[in-house]
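Raw contents of my_file_19.csv, CSV, C-alpha atoms:
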chain,number,residue,atom,x,y,z
A,15,MET,CA,-17.0,26.0,-34.1
A,16,LEU,CA,-13.7,24.4,-34.5
A,17,ASN,CA,-12.0,23.9,-37.9
A,18,GLN,CA,-14.7,25.9,-39.6
A,19,GLY,CA,-13.9,26.1,-43.2
A,20,ALA,CA,-10.8,24.0,-42.9
A,21,LYS,CA,-10.2,21.4,-45.5
A,22,PRO,CA,-10.2,17.7,-44.4
A,23,ARG,CA,-6.7,16.6,-43.7
A,24,ARG,CA,-5.5,13.5,-45.4
A,25,GLY,CA,-2.6,11.2,-44.9
A,26,ARG,CA,-2.2,11.3,-41.2
A,27,PRO,CA,-4.3,10.0,-38.3
A,28,VAL,CA,-6.6,12.5,-36.7
A,29,THR,CA,-6.1,12.6,-32.9
A,30,THR,CA,-9.3,13.5,-31.2
A,31,ASP,CA,-9.6,14.4,-27.5
A,32,PRO,CA,-12.8,12.9,-26.2
A,33,ASN,CA,-13.0,15.7,-23.5
A,34,THR,CA,-13.0,18.4,-26.2
A,35,VAL,CA,-15.7,16.6,-28.3
A,36,SER,CA,-17.8,16.0,-25.2
A,37,LEU,CA,-17.8,19.7,-24.1
A,38,ALA,CA,-18.7,20.9,-27.6
A,39,ALA,CA,-21.5,18.3,-27.8
A,40,LEU,CA,-22.9,19.0,-24.3
A,41,LYS,CA,-23.0,22.7,-25.0
A,42,LEU,CA,-24.9,22.1,-28.2
A,43,PHE,CA,-27.4,19.8,-26.4
A,44,ALA,CA,-27.9,22.4,-23.6
A,45,GLU,CA,-28.4,25.2,-26.1
A,46,ARG,CA,-30.7,23.5,-28.6
A,47,GLY,CA,-32.3,20.6,-26.6
A,48,ILE,CA,-30.8,17.2,-26.8
A,49,GLU,CA,-33.8,15.6,-28.7
A,50,THR,CA,-33.4,17.9,-31.7
A,51,VAL,CA,-29.7,17.7,-32.1
A,52,THR,CA,-28.3,15.0,-34.5
A,53,MET,CA,-25.0,13.3,-34.3
A,54,ASP,CA,-24.1,14.9,-37.6
A,55,GLU,CA,-24.5,18.3,-36.0
A,56,VAL,CA,-22.3,17.2,-33.1
A,57,ALA,CA,-19.6,16.2,-35.6
A,58,VAL,CA,-19.8,19.6,-37.2
A,59,VAL,CA,-19.4,21.6,-33.9
A,60,ALA,CA,-16.7,19.3,-32.7
A,61,GLY,CA,-14.9,19.8,-36.0
A,62,ILE,CA,-14.4,16.1,-36.7
A,63,SER,CA,-15.7,13.6,-39.2
A,64,ARG,CA,-18.9,11.6,-38.6
A,65,SER,CA,-17.0,8.3,-38.5
A,66,ASN,CA,-14.4,9.7,-36.1
A,67,LEU,CA,-17.2,10.9,-33.8
A,68,PHE,CA,-19.0,7.5,-33.9
A,69,ARG,CA,-15.6,5.8,-33.1
A,70,ILE,CA,-15.4,7.7,-29.8
A,71,PHE,CA,-19.1,8.1,-29.0
A,72,PRO,CA,-21.5,5.6,-30.6
A,73,SER,CA,-24.6,7.6,-29.5
A,74,LYS,CA,-25.9,10.8,-27.8
A,75,ALA,CA,-26.3,8.6,-24.6
A,76,ALA,CA,-22.6,7.8,-24.7
A,77,VAL,CA,-21.7,11.5,-24.9
A,78,VAL,CA,-24.0,12.4,-22.0
A,79,TRP,CA,-23.1,9.5,-19.8
A,80,GLY,CA,-19.4,9.5,-20.5
A,81,GLY,CA,-17.1,9.1,-17.5
A,82,VAL,CA,-19.2,6.6,-15.7
A,83,HIS,CA,-17.0,3.7,-16.8
A,84,GLN,CA,-13.8,5.5,-15.5
A,85,PHE,CA,-15.6,6.2,-12.2
A,86,GLN,CA,-16.7,2.6,-11.9
A,87,GLU,CA,-13.1,1.2,-12.5
A,88,GLU,CA,-11.7,3.7,-10.0
A,89,LEU,CA,-14.4,2.8,-7.4
A,90,GLU,CA,-13.7,-0.9,-7.9
A,91,ARG,CA,-10.0,-0.4,-7.4
A,92,ARG,CA,-10.5,1.6,-4.2
A,93,LEU,CA,-13.0,-0.8,-2.8
A,94,SER,CA,-10.7,-3.8,-3.2
A,95,ASP,CA,-7.5,-1.9,-2.0
A,96,SER,CA,-9.1,-0.5,1.1
A,97,GLU,CA,-9.4,-2.1,4.5
A,98,SER,CA,-12.2,-1.2,6.8
A,99,SER,CA,-14.2,-2.9,9.4
A,100,ASP,CA,-17.0,-0.5,8.7
A,101,LEU,CA,-18.9,-0.9,5.4
A,102,ILE,CA,-20.4,2.6,5.4
A,103,SER,CA,-17.0,4.3,5.9
A,104,LEU,CA,-15.5,2.1,3.2
A,105,LEU,CA,-18.2,3.0,0.7
A,106,HIS,CA,-18.2,6.6,1.6
A,107,SER,CA,-14.5,7.2,1.2
A,108,SER,CA,-14.1,5.0,-1.9
A,109,TRP,CA,-17.0,6.7,-3.6
A,110,VAL,CA,-15.9,10.3,-2.8
A,111,GLY,CA,-12.3,9.3,-3.8
A,112,ALA,CA,-13.3,7.9,-7.1
A,113,MET,CA,-15.3,11.0,-7.9
A,114,ASP,CA,-12.4,13.2,-6.9
A,115,GLY,CA,-10.1,11.3,-9.3
A,116,LEU,CA,-12.4,11.9,-12.3
A,117,ASP,CA,-10.5,13.3,-15.3
A,118,GLU,CA,-13.1,15.9,-16.2
A,119,THR,CA,-13.7,19.7,-15.8
A,120,LEU,CA,-16.5,21.0,-13.6
A,121,GLU,CA,-18.0,22.7,-16.6
A,122,THR,CA,-18.3,19.4,-18.5
A,123,LEU,CA,-19.6,17.5,-15.4
A,124,ARG,CA,-22.2,20.2,-14.7
A,125,LEU,CA,-23.5,20.2,-18.3
A,126,ARG,CA,-23.8,16.4,-18.2
A,127,LEU,CA,-25.7,16.3,-14.9
A,128,LYS,CA,-28.0,19.2,-15.9
A,129,LEU,CA,-29.0,17.2,-19.0
A,130,ILE,CA,-29.4,14.0,-17.1
A,131,GLY,CA,-31.6,15.7,-14.5
A,132,SER,CA,-33.7,17.5,-17.1
A,133,SER,CA,-35.5,14.4,-18.5
A,134,PRO,CA,-36.4,10.9,-17.3
A,135,GLU,CA,-35.5,9.7,-20.8
A,136,VAL,CA,-31.9,11.0,-20.7
A,137,TYR,CA,-31.6,9.7,-17.1
A,138,GLY,CA,-32.9,6.3,-18.4
A,139,TRP,CA,-30.1,6.1,-21.0
A,140,GLY,CA,-27.7,5.6,-18.2
A,141,GLN,CA,-29.4,2.6,-16.5
A,142,GLY,CA,-27.0,0.1,-18.0
A,143,GLN,CA,-24.0,2.0,-16.7
A,144,LEU,CA,-25.5,2.7,-13.3
A,145,ASP,CA,-26.3,-1.1,-13.1
A,146,GLN,CA,-22.6,-1.8,-13.5
A,147,VAL,CA,-21.8,0.6,-10.7
A,148,ARG,CA,-24.4,-1.1,-8.5
A,149,GLN,CA,-22.8,-4.4,-9.2
A,150,VAL,CA,-19.4,-3.1,-8.0
A,151,ILE,CA,-21.1,-2.0,-4.7
A,152,GLU,CA,-23.0,-5.3,-4.4
A,153,ALA,CA,-19.8,-7.3,-4.7
A,154,SER,CA,-18.2,-5.2,-2.0
A,155,VAL,CA,-21.1,-5.6,0.4
A,156,VAL,CA,-21.1,-9.3,-0.1
A,157,LYS,CA,-17.3,-9.5,0.3
A,158,ASN,CA,-17.8,-7.6,3.6
A,159,GLY,CA,-20.3,-10.2,5.0
A,160,GLY,CA,-23.6,-8.9,3.7
A,161,ASP,CA,-26.3,-11.1,2.1
A,162,THR,CA,-27.9,-10.4,-1.3
A,163,LEU,CA,-30.7,-8.3,0.2
A,164,ARG,CA,-28.3,-6.0,2.0
A,165,ALA,CA,-26.2,-5.8,-1.2
A,166,LYS,CA,-29.2,-4.7,-3.3
A,167,THR,CA,-30.5,-2.3,-0.7
A,168,VAL,CA,-27.2,-0.6,-0.1
A,169,SER,CA,-26.2,-0.4,-3.8
A,170,ALA,CA,-29.6,1.1,-4.8
A,171,ALA,CA,-29.5,3.6,-2.0
A,172,ILE,CA,-25.9,4.9,-2.6
A,173,VAL,CA,-26.3,5.1,-6.4
A,174,SER,CA,-29.7,6.9,-6.3
A,175,ALA,CA,-28.7,9.2,-3.4
A,176,SER,CA,-25.5,10.1,-5.2
A,177,MET,CA,-27.2,10.9,-8.4
A,178,ALA,CA,-29.7,13.1,-6.5
A,179,ILE,CA,-26.8,14.9,-4.8
A,180,MET,CA,-24.9,15.4,-8.1
A,181,ILE,CA,-27.9,16.6,-10.1
A,182,HIS,CA,-28.8,19.0,-7.2
A,183,TRP,CA,-25.2,20.3,-7.4
A,184,ALA,CA,-25.4,20.9,-11.1
A,185,GLN,CA,-28.8,22.6,-11.0
A,186,SER,CA,-28.1,24.8,-8.1
A,187,ASP,CA,-24.7,26.0,-9.2
A,188,ASP,CA,-23.3,25.1,-5.8
A,189,PRO,CA,-19.7,26.4,-5.5
A,190,ARG,CA,-18.4,23.1,-3.9
A,191,THR,CA,-16.7,20.5,-6.1
A,192,PRO,CA,-18.8,17.3,-6.7
A,193,SER,CA,-16.6,15.3,-4.4
A,194,GLN,CA,-17.0,17.9,-1.6
A,195,ILE,CA,-20.8,18.0,-1.9
A,196,LEU,CA,-21.0,14.2,-2.0
A,197,ASP,CA,-18.8,14.0,1.1
A,198,GLU,CA,-20.9,16.5,3.0
A,199,GLY,CA,-24.2,14.9,1.7
A,200,PHE,CA,-23.1,11.5,2.8
A,201,GLN,CA,-22.1,12.9,6.2
A,202,ASP,CA,-25.4,14.5,6.7
A,203,PHE,CA,-27.2,11.3,5.7
A,204,GLU,CA,-25.2,9.2,8.0
A,205,ALA,CA,-25.8,11.5,10.9
A,206,LEU,CA,-29.5,11.0,10.6
A,207,PHE,CA,-29.1,7.4,11.7
A,208,LEU,CA,-27.1,8.3,14.8
A,209,LYS,CA,-29.9,10.3,16.4
A,210,ASN,CA,-31.8,7.3,17.5
B,13,MET,CA,-61.0,-16.7,-19.4
B,14,LEU,CA,-64.0,-15.0,-17.9
B,15,ASN,CA,-67.2,-14.6,-19.8
B,16,GLN,CA,-66.0,-16.7,-22.7
B,17,GLY,CA,-68.8,-17.0,-25.2
B,18,ALA,CA,-71.1,-14.8,-23.1
B,19,LYS,CA,-73.1,-12.3,-25.0
B,20,PRO,CA,-72.4,-8.6,-24.2
B,21,ARG,CA,-75.0,-7.5,-21.6
B,22,ARG,CA,-76.9,-4.3,-22.4
B,23,GLY,CA,-79.0,-1.9,-20.5
B,24,ARG,CA,-77.2,-1.9,-17.1
B,25,PRO,CA,-73.8,-0.7,-16.1
B,26,VAL,CA,-70.9,-3.2,-16.0
B,27,THR,CA,-69.2,-3.2,-12.6
B,28,THR,CA,-65.6,-4.1,-13.0
B,29,ASP,CA,-63.2,-4.9,-10.2
B,30,PRO,CA,-59.8,-3.4,-11.0
B,31,ASN,CA,-58.1,-6.1,-8.9
B,32,THR,CA,-59.6,-8.9,-11.0
B,33,VAL,CA,-58.6,-7.1,-14.2
B,34,SER,CA,-55.1,-6.5,-12.9
B,35,LEU,CA,-54.5,-10.1,-12.0
B,36,ALA,CA,-55.7,-11.5,-15.3
B,37,ALA,CA,-53.6,-8.9,-17.2
B,38,LEU,CA,-50.5,-9.5,-15.1
B,39,LYS,CA,-50.7,-13.3,-15.6
B,40,LEU,CA,-51.0,-12.8,-19.3
B,41,PHE,CA,-47.9,-10.4,-19.3
B,42,ALA,CA,-45.9,-12.9,-17.3
B,43,GLU,CA,-46.9,-15.8,-19.5
B,44,ARG,CA,-46.4,-14.2,-22.9
B,45,GLY,CA,-44.0,-11.3,-22.3
B,46,ILE,CA,-45.4,-7.8,-21.7
B,47,GLU,CA,-44.1,-6.4,-25.0
B,48,THR,CA,-46.0,-8.8,-27.2
B,49,VAL,CA,-49.4,-8.5,-25.4
B,50,THR,CA,-51.9,-5.9,-26.7
B,51,MET,CA,-54.5,-4.1,-24.6
B,52,ASP,CA,-57.1,-5.8,-26.8
B,53,GLU,CA,-55.9,-9.2,-25.6
B,54,VAL,CA,-56.0,-7.9,-22.0
B,55,ALA,CA,-59.7,-7.0,-22.5
B,56,VAL,CA,-60.4,-10.5,-23.8
B,57,VAL,CA,-58.8,-12.4,-20.9
B,58,ALA,CA,-60.3,-10.0,-18.4
B,59,GLY,CA,-63.7,-10.5,-20.0
B,60,ILE,CA,-64.5,-6.8,-20.4
B,61,SER,CA,-64.9,-4.4,-23.3
B,62,ARG,CA,-62.0,-2.5,-24.7
B,63,SER,CA,-63.5,0.8,-23.7
B,64,ASN,CA,-64.2,-0.4,-20.2
B,65,LEU,CA,-60.6,-1.6,-19.8
B,66,PHE,CA,-59.3,1.8,-21.0
B,67,ARG,CA,-61.5,3.5,-18.5
B,68,ILE,CA,-59.8,1.7,-15.6
B,69,PHE,CA,-56.3,1.3,-17.1
B,70,PRO,CA,-55.3,3.7,-19.8
B,71,SER,CA,-52.1,1.7,-20.6
B,72,LYS,CA,-50.1,-1.4,-19.9
B,73,ALA,CA,-47.9,0.8,-17.7
B,74,ALA,CA,-51.0,1.7,-15.6
B,75,VAL,CA,-51.8,-2.0,-15.1
B,76,VAL,CA,-48.3,-2.9,-14.0
B,77,TRP,CA,-47.8,0.2,-11.8
B,78,GLY,CA,-51.2,0.2,-10.3
B,79,GLY,CA,-51.4,0.6,-6.5
B,80,VAL,CA,-48.6,3.2,-6.3
B,81,HIS,CA,-51.1,6.1,-6.0
B,82,GLN,CA,-52.9,4.4,-3.1
B,83,PHE,CA,-49.6,3.7,-1.4
B,84,GLN,CA,-48.6,7.4,-1.9
B,85,GLU,CA,-51.8,8.7,-0.3
B,86,GLU,CA,-51.5,6.4,2.6
B,87,LEU,CA,-47.9,7.3,3.1
B,88,GLU,CA,-48.7,11.0,3.0
B,89,ARG,CA,-51.5,10.5,5.6
B,90,ARG,CA,-49.2,8.6,7.9
B,91,LEU,CA,-46.3,11.1,7.6
B,92,SER,CA,-48.6,14.0,8.5
B,93,ASP,CA,-50.4,12.2,11.3
B,94,SER,CA,-47.3,10.8,13.1
B,95,GLU,CA,-45.2,12.6,15.6
B,96,SER,CA,-41.5,11.7,15.9
B,97,SER,CA,-38.4,13.6,16.8
B,98,ASP,CA,-36.4,11.0,14.7
B,99,LEU,CA,-36.8,11.3,10.9
B,100,ILE,CA,-35.5,7.8,10.2
B,101,SER,CA,-38.0,6.2,12.6
B,102,LEU,CA,-40.8,8.3,11.2
B,103,LEU,CA,-40.0,7.4,7.5
B,104,HIS,CA,-39.5,3.7,8.4
B,105,SER,CA,-42.8,3.2,10.3
B,106,SER,CA,-44.8,5.3,7.9
B,107,TRP,CA,-43.4,3.5,4.8
B,108,VAL,CA,-43.9,0.0,6.3
B,109,GLY,CA,-47.4,0.9,7.5
B,110,ALA,CA,-48.5,2.2,4.1
B,111,MET,CA,-47.3,-1.0,2.5
B,112,ASP,CA,-49.1,-3.1,5.1
B,113,GLY,CA,-52.3,-1.2,4.3
B,114,LEU,CA,-52.2,-1.9,0.6
B,115,ASP,CA,-55.4,-3.4,-0.7
B,116,GLU,CA,-53.8,-6.1,-2.9
B,117,THR,CA,-53.1,-9.8,-2.8
B,118,LEU,CA,-49.5,-11.1,-2.5
B,119,GLU,CA,-49.9,-12.9,-5.9
B,120,THR,CA,-50.8,-9.7,-7.7
B,121,LEU,CA,-48.0,-7.7,-6.0
B,122,ARG,CA,-45.5,-10.4,-6.8
B,123,LEU,CA,-46.5,-10.5,-10.5
B,124,ARG,CA,-46.2,-6.7,-10.7
B,125,LEU,CA,-42.8,-6.6,-9.1
B,126,LYS,CA,-41.4,-9.4,-11.2
B,127,LEU,CA,-42.4,-7.6,-14.3
B,128,ILE,CA,-41.0,-4.3,-13.1
B,129,GLY,CA,-37.7,-6.0,-12.2
B,130,SER,CA,-37.5,-7.9,-15.4
B,131,SER,CA,-36.9,-4.9,-17.7
B,132,PRO,CA,-35.5,-1.3,-17.4
B,133,GLU,CA,-38.2,-0.2,-19.8
B,134,VAL,CA,-41.0,-1.5,-17.6
B,135,TYR,CA,-39.3,0.0,-14.5
B,136,GLY,CA,-39.0,3.3,-16.4
B,137,TRP,CA,-42.8,3.4,-17.0
B,138,GLY,CA,-43.2,4.1,-13.2
B,139,GLN,CA,-40.8,7.0,-13.0
B,140,GLY,CA,-43.6,9.6,-12.9
B,141,GLN,CA,-45.3,7.7,-10.1
B,142,LEU,CA,-42.1,7.2,-8.1
B,143,ASP,CA,-41.4,10.9,-8.5
B,144,GLN,CA,-44.6,11.6,-6.7
B,145,VAL,CA,-43.7,9.3,-3.9
B,146,ARG,CA,-40.3,11.0,-3.7
B,147,GLN,CA,-42.0,14.4,-3.4
B,148,VAL,CA,-44.1,13.2,-0.5
B,149,ILE,CA,-40.9,12.1,1.3
B,150,GLU,CA,-39.1,15.4,0.4
B,151,ALA,CA,-42.0,17.4,1.9
B,152,SER,CA,-41.7,15.4,5.1
B,153,VAL,CA,-37.9,15.8,5.3
B,154,VAL,CA,-38.2,19.6,4.9
B,155,LYS,CA,-41.1,19.8,7.4
B,156,ASN,CA,-38.8,18.0,9.8
B,157,GLY,CA,-36.1,20.6,9.4
B,158,GLY,CA,-34.0,19.3,6.5
B,159,ASP,CA,-32.7,21.3,3.6
B,160,THR,CA,-33.4,20.6,-0.1
B,161,LEU,CA,-30.2,18.5,-0.4
B,162,ARG,CA,-31.1,16.3,2.5
B,163,ALA,CA,-34.7,15.9,1.1
B,164,LYS,CA,-33.4,14.8,-2.3
B,165,THR,CA,-30.8,12.4,-0.8
B,166,VAL,CA,-33.2,10.8,1.6
B,167,SER,CA,-36.1,10.4,-0.8
B,168,ALA,CA,-33.9,9.0,-3.5
B,169,ALA,CA,-32.4,6.5,-1.1
B,170,ILE,CA,-35.6,5.3,0.4
B,171,VAL,CA,-37.5,4.9,-2.9
B,172,SER,CA,-34.7,3.1,-4.6
B,173,ALA,CA,-33.8,0.9,-1.6
B,174,SER,CA,-37.4,-0.1,-1.2
B,175,MET,CA,-37.9,-1.0,-4.9
B,176,ALA,CA,-34.7,-3.1,-4.6
B,177,ILE,CA,-36.1,-4.9,-1.5
B,178,MET,CA,-39.5,-5.4,-3.1
B,179,ILE,CA,-38.2,-6.7,-6.4
B,180,HIS,CA,-35.8,-9.0,-4.5
B,181,TRP,CA,-38.8,-10.3,-2.5
B,182,ALA,CA,-40.8,-11.0,-5.7
B,183,GLN,CA,-37.9,-12.7,-7.5
B,184,SER,CA,-36.8,-14.8,-4.6
B,185,ASP,CA,-40.3,-16.1,-3.6
B,186,ASP,CA,-39.4,-15.0,0.0
B,187,PRO,CA,-42.1,-16.3,2.4
B,188,ARG,CA,-42.4,-13.0,4.3
B,189,THR,CA,-45.0,-10.3,3.4
B,190,PRO,CA,-43.7,-7.2,1.6
B,191,SER,CA,-44.1,-5.1,4.7
B,192,GLN,CA,-42.2,-7.6,6.8
B,193,ILE,CA,-39.3,-7.7,4.4
B,194,LEU,CA,-39.2,-3.9,4.1
B,195,ASP,CA,-39.3,-3.6,7.9
B,196,GLU,CA,-36.4,-6.1,8.2
B,197,GLY,CA,-34.5,-4.7,5.2
B,198,PHE,CA,-34.7,-1.1,6.7
B,199,GLN,CA,-33.6,-2.4,10.1
B,200,ASP,CA,-30.6,-4.1,8.6
B,201,PHE,CA,-29.7,-0.9,6.7
B,202,GLU,CA,-30.1,1.3,9.7
B,203,ALA,CA,-27.9,-1.0,11.8
B,204,LEU,CA,-25.0,-0.5,9.4
B,205,PHE,CA,-24.8,3.2,10.4
B,206,LEU,CA,-24.6,2.4,14.1
B,207,LYS,CA,-21.4,0.4,13.8
B,208,ASN,CA,-19.2,3.4,13.6
Now, as a test, write the supplied structure out as structure tokens.
Amino acid sequence: MLNQGAKPRRGRPVTTDPNTVSLAALKLFAERGIETVTMDEVAVVAGISRSNLFRIFPSKAAVVWGGVHQFQEELERRLSDSESSDLISLLHSSWVGAMDGLDETLETLRLRLKLIGSSPEVYGWGQGQLDQVRQVIEASVVKNGGDTLRAKTVSAAIVSASMAIMIHWAQSDDPRTPSQILDEGFQDFEALFLKN
Amino acid sequence: MLNQGAKPRRGRPVTTDPNTVSLAALKLFAERGIETVTMDEVAVVAGISRSNLFRIFPSKAAVVWGGVHQFQEELERRLSDSESSDLISLLHSSWVGAMDGLDETLETLRLRLKLIGSSPEVYGWGQGQLDQVRQVIEASVVKNGGDTLRAKTVSAAIVSASMAIMIHWAQSDDPRTPSQILDEGFQDFEALFLKN
């Protein structure tokens, strides 16, 4: 526990690193079971005030699903910057690149994904954020000449396949990085369609 | 309303057609909003007793997500009966065939899928059933030489892409049948990988 026994400091702003808070919270969720942990307990192990915690993370869902927004912005930037006549290559490289650029330790990411994979409820907490990622993909498919049906099909497939790959990575303690396993998982998937 | 004002019949078993009950319930959900309708109200519009309703459908989720179990069994049968050296063709034809064999009117299926597509919560009610479909696909991928990662990737992609295609079909009032739109949606998806 950080700051255990320390008196609350007054008179200067507390700077709080969201990555440090996330890691402390995720460890506690993994140890005790996410359902039984309260946000008050998270504040205690993270060594910050309750109001400071809620300022960074308004809910347990926000702690667990943190990082998706950064991924989404990076994915959007890569999709609009890149030129490719081949939609699959464009999505593949942009997705893996966005994952590679994520500002997060492997330990934190693994803890997140283990929790997400451990319960349909915790997975469900991320639906809103995954929808936003799907919308970024849909926009790119349409921009590259696809209709609505193709946009919905491709975005659903890539988001769900990626989540399956990442959760498998976290649960299996695979030594590769997330971007490596995504890259190889996508390659394997793409090769299945070339065997016709 | 069926049987309105009729006296309860005694002394002989009531035979209840689940398809008739589903349609009455789905129409009520669509009209009034699924959250506000109670199972008691479903029993009234379906013209059956509460206990008879709960015997067929233990919950609103069971009403909305009915038919998945039949689809899953048909899919499993087709995957084990069919011979194919090409995994994608095998999954494509088995999936479309299982959908084609579904004992359900288009009106009922459209109402179901509109409800499922209208709220993440109602979609979430089907996770357990979709997991079972994913497991059928995973088993087939492994039987055809794939590893766990490929099994998880392919099953996640096909289930999510299909749900996206079907919900789009229901929401757009597309004149094709669900098996036609799935067939054409899969073909379009597969063609994207051949452009490399």
Open item on the list: Report, in Å with one decimal, the straight-line distance from CA of Asp114 (chain A) to CA of Ser193 (chain A).
Closed with: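 So the answer is 5.3 Å.
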Open item on the list: Just to confirm, what's the straight-line distance from CA of Ser167 (chain B) to CA of Leu125 (chain B) in Å (one decimal)?
Closed with: 20.1 Å
Find the spatial neighbours of region 33-38 of chain B, counting only C-alpha atoms, within a cut-off of 12 Å - ignore same-chain residues fewer than 3 positions away - and output them as a short mmCIF file (atom, residue, chain, number, x, y, z; two decimals) with C-alpha atoms, keeping the file's coordinate frame.
data_model
loop_
_atom_site.label_atom_id
_atom_site.label_comp_id
_atom_site.auth_asym_id
_atom_site.auth_seq_id
_atom_site.Cartn_x
_atom_site.Cartn_y
_atom_site.Cartn_z
CA MET B 13 -61.00 -16.70 -19.40
CA LEU B 14 -64.00 -15.00 -17.90
CA THR B 27 -69.20 -3.20 -12.60
CA THR B 28 -65.60 -4.10 -13.00
CA ASP B 29 -63.20 -4.90 -10.20
CA PRO B 30 -59.80 -3.40 -11.00
CA PHE B 41 -47.90 -10.40 -19.30
CA ALA B 42 -45.90 -12.90 -17.30
CA GLU B 43 -46.90 -15.80 -19.50
CA ARG B 44 -46.40 -14.20 -22.90
CA GLY B 45 -44.00 -11.30 -22.30
CA ILE B 46 -45.40 -7.80 -21.70
CA VAL B 49 -49.40 -8.50 -25.40
CA THR B 50 -51.90 -5.90 -26.70
CA MET B 51 -54.50 -4.10 -24.60
CA ASP B 52 -57.10 -5.80 -26.80
CA GLU B 53 -55.90 -9.20 -25.60
CA VAL B 54 -56.00 -7.90 -22.00
CA ALA B 55 -59.70 -7.00 -22.50
CA VAL B 56 -60.40 -10.50 -23.80
CA VAL B 57 -58.80 -12.40 -20.90
CA ALA B 58 -60.30 -10.00 -18.40
CA GLY B 59 -63.70 -10.50 -20.00
CA ILE B 60 -64.50 -6.80 -20.40
CA SER B 61 -64.90 -4.40 -23.30
CA ARG B 62 -62.00 -2.50 -24.70
CA ASN B 64 -64.20 -0.40 -20.20
CA LEU B 65 -60.60 -1.60 -19.80
CA PHE B 66 -59.30 1.80 -21.00
CA ARG B 67 -61.50 3.50 -18.50
CA ILE B 68 -59.80 1.70 -15.60
CA PHE B 69 -56.30 1.30 -17.10
CA SER B 71 -52.10 1.70 -20.60
CA LYS B 72 -50.10 -1.40 -19.90
CA ALA B 73 -47.90 0.80 -17.70
CA ALA B 74 -51.00 1.70 -15.60
CA VAL B 75 -51.80 -2.00 -15.10
CA VAL B 76 -48.30 -2.90 -14.00
CA TRP B 77 -47.80 0.20 -11.80
CA GLY B 78 -51.20 0.20 -10.30
CA GLY B 79 -51.40 0.60 -6.50
CA GLU B 116 -53.80 -6.10 -2.90
CA THR B 117 -53.10 -9.80 -2.80
CA LEU B 118 -49.50 -11.10 -2.50
CA GLU B 119 -49.90 -12.90 -5.90
CA THR B 120 -50.80 -9.70 -7.70
CA LEU B 121 -48.00 -7.70 -6.00
CA ARG B 122 -45.50 -10.40 -6.80
CA LEU B 123 -46.50 -10.50 -10.50
CA ARG B 124 -46.20 -6.70 -10.70
CA LEU B 125 -42.80 -6.60 -9.10
CA LYS B 126 -41.40 -9.40 -11.20
CA LEU B 127 -42.40 -7.60 -14.30
CA ILE B 128 -41.00 -4.30 -13.10
#
Can I get the residues of region 109-171 of chain B within 10 Å of region 139-144 of chain A, each with the closest pair of atoms and their distance in Å to one decimal, using all atoms listed in the file, sorted chain first then ascending number, as JSON lines?
{"residue": "B:Pro132", "atom": "CA", "partner": "A:Gln141", "partner_atom": "CA", "distance": 7.3}
{"residue": "B:Glu133", "atom": "CA", "partner": "A:Gln141", "partner_atom": "CA", "distance": 9.8}
{"residue": "B:Gly136", "atom": "CA", "partner": "A:Gln141", "partner_atom": "CA", "distance": 9.6}
Open item on the list: Under the rule that all atoms listed in the file are counted, which of A:Leu42, A:Val156, A:Gln146, A:His106 is the nearest residue to Ala175 (chain A)?
Closed with: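 Checking each of A:Leu42, A:Val156, A:Gln146, A:His106 against Ala175 (chain A), counting all atoms listed in the file, the winner is A:His106.
You can rank A:Thr167, A:Ser65, A:Asn158, A:Gln84 by their closest distance to chain B using only C-alpha atoms, and at the top of that list sits A:Thr167.
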TODO: To one decimal in Å, tell me the separation between CA of Gln183 (chain B) and CA of Val168 (chain A).
DONE: 17.8 Å
Open item on the list: If we count only C-alpha atoms and set the cut-off at 12 Å, which residues sit around Gly111 (chain A), ignoring sequence neighbours fewer than 5 positions away in its own chain? Please answer as a PyMOL selection string.
Closed with: chain A and resi 85-93+96+103-106+116+192-194+196-197
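Among A:Ser94, A:Gln149, A:Thr50, A:Thr162, the residue with the shortest atom-to-atom distance to chain B, counting only C-alpha atoms, is A:Thr162.
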Quick one: which residues from chain A are at most 7 Å off chain B, using all atoms listed in the file, as a short mmCIF file (atom, residue, chain, number, x, y, z; two decimals) with C-alpha atoms, in the coordinates of the input?
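File written: part_36.cif
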data_model
loop_
_atom_site.label_atom_id
_atom_site.label_comp_id
_atom_site.auth_asym_id
_atom_site.auth_seq_id
_atom_site.Cartn_x
_atom_site.Cartn_y
_atom_site.Cartn_z
CA ASP A 100 -17.00 -0.50 8.70
CA ILE A 102 -20.40 2.60 5.40
CA LEU A 163 -30.70 -8.30 0.20
CA LYS A 166 -29.20 -4.70 -3.30
CA THR A 167 -30.50 -2.30 -0.70
CA VAL A 168 -27.20 -0.60 -0.10
CA ALA A 170 -29.60 1.10 -4.80
CA ALA A 171 -29.50 3.60 -2.00
CA ILE A 172 -25.90 4.90 -2.60
CA SER A 174 -29.70 6.90 -6.30
CA ALA A 175 -28.70 9.20 -3.40
CA ALA A 178 -29.70 13.10 -6.50
CA ILE A 179 -26.80 14.90 -4.80
CA HIS A 182 -28.80 19.00 -7.20
CA GLU A 204 -25.20 9.20 8.00
CA LEU A 206 -29.50 11.00 10.60
CA PHE A 207 -29.10 7.40 11.70
CA LEU A 208 -27.10 8.30 14.80
CA LYS A 209 -29.90 10.30 16.40
CA ASN A 210 -31.80 7.30 17.50
#
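The residue that comes closest to Val155 (chain A), out of A:Ser132, A:Ser186, A:Thr34, A:Ser98 and on the basis of only C-alpha atoms, is A:Ser98.
For the residues B:Val80, B:Ser106, B:Pro187, B:Asp115, ranking by smallest atom-to-atom distance to Ile149 (chain B) using all atoms listed in the file places B:Ser106 first.
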